[in-house]
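To start, the structure itself, in structure tokens.
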Amino acid sequence: MPTPAERYDAAVKLNRTGDTAGAVLKLEEIVTEVPDHYDSHAALAVYLQRLGRNDEAIQHAQKVVELKPQDFFSYSQLSMICMRAGKIPEAEEAKAKAAIIRAGGQVPPPASS
């Protein structure tokens with residue numbers, strides 16, 4: 001059986017060929033089996049947003065932040081997805097946290113979901 005990393009790579013290839021919905025299905029299978037698979041949550045956040053499934057995209061972006069709470073990219077991704085979903089206050093909050101991390105500071109870890 002392929003590893004989660006191999007399955008992730010296959011999902012990314014599906015997305016690159018235009019099958020974003022198929023990629024989402026593969027990634028959802030991975031996070032069902034491996035709930036803390038960072039790369040899959042990060043990709044799901046982007047792909048679901050592209051499909052207009054904004055609430056689900058935000059949930060995965062929040063999981064990315066939970067998994068790597070001191071990572072600039074995690075908060076940047078959350079900010080962009082919230083902004084595109086029209087959730088401006090949430091986007092601004094995530095952007096501010098990204099700026100703190102980029103400047104060398106730390107932010108309090110998010111509450112676990």
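Going by the structure tokens order, chains are called A, B, ..., each with residues numbered from 1, while ligands are numbered from 1 in the order shown.
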Hey, what's within 10 Å of A:Asp36 if we count only C-alpha atoms and toss same-chain stuff fewer than 6 positions away? As a compact mmCIF listing (two decimals) with N, CA, C and O atoms, in the first residue's frame, please?
# COMPACT_ATOMS: atom_id res chain seq x y z
N ILE A 30 -6.44 10.65 3.11
CA ILE A 30 -5.20 10.67 3.89
C ILE A 30 -5.45 11.24 5.28
O ILE A 30 -5.05 10.64 6.28
N LYS A 63 -6.28 23.91 10.82
CA LYS A 63 -5.56 22.71 11.26
C LYS A 63 -4.06 22.87 10.97
O LYS A 63 -3.22 22.47 11.78
N VAL A 64 -3.73 23.48 9.85
CA VAL A 64 -2.33 23.74 9.51
C VAL A 64 -1.69 24.61 10.59
O VAL A 64 -0.59 24.34 11.05
N GLU A 66 -2.71 24.89 13.67
CA GLU A 66 -2.64 24.07 14.89
C GLU A 66 -1.42 23.15 14.86
O GLU A 66 -0.74 22.98 15.87
N LEU A 67 -1.12 22.59 13.69
CA LEU A 67 0.00 21.66 13.57
C LEU A 67 1.35 22.37 13.62
O LEU A 67 2.33 21.82 14.11
Backbone DSSP call of alpha helix (DSSP H) for stretch 1-38 of chain A, listed as a PyMOL selection string: chain A and resi 4-16+20-33+38
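Excluding stretch 72-74 of chain A itself and same-chain residues fewer than 4 positions from it, the residues having an atom within 9 Å of it are Ala42, Ala61, Gln62, Val64, Val65, Glu66, Leu67, Lys68, Leu78, Ser79, Ala94, Lys97, Ala98, Ala99, Ile100, Ile101 and Arg102 of chain A, counting only C-alpha atoms.
Relative to atom CA of A:Tyr38, atom CA of A:Tyr75 is found at 13.5 Å.
For A:Arg53, the list of residues within 12 Å, based on only C-alpha atoms and with local chain neighbours fewer than 3 positions off taken out, reads Ala21, Val24, Leu44, Ala45, Val46, Tyr47, Leu48, Gln49, Arg50, Glu56, Ala57, Ile58, Gln59, His60, Ile81, Cys82, Arg84 and Ala85 of chain A.
Among A:Pro35, A:Pro2, A:Leu51, A:Lys95, the residue with the shortest atom-to-atom distance to A:Gly18, counting only C-alpha atoms, is A:Leu51.
Note that the spacing between atom CA of A:Leu27 and atom CA of A:Pro69 amounts to 21.5 Å.
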Would you compute the distance between atom CA of A:Val34 and atom CA of A:Thr20? Give it in Å to one decimal.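 For atom CA of A:Val34 relative to atom CA of A:Thr20, the distance reads 20.5 Å.
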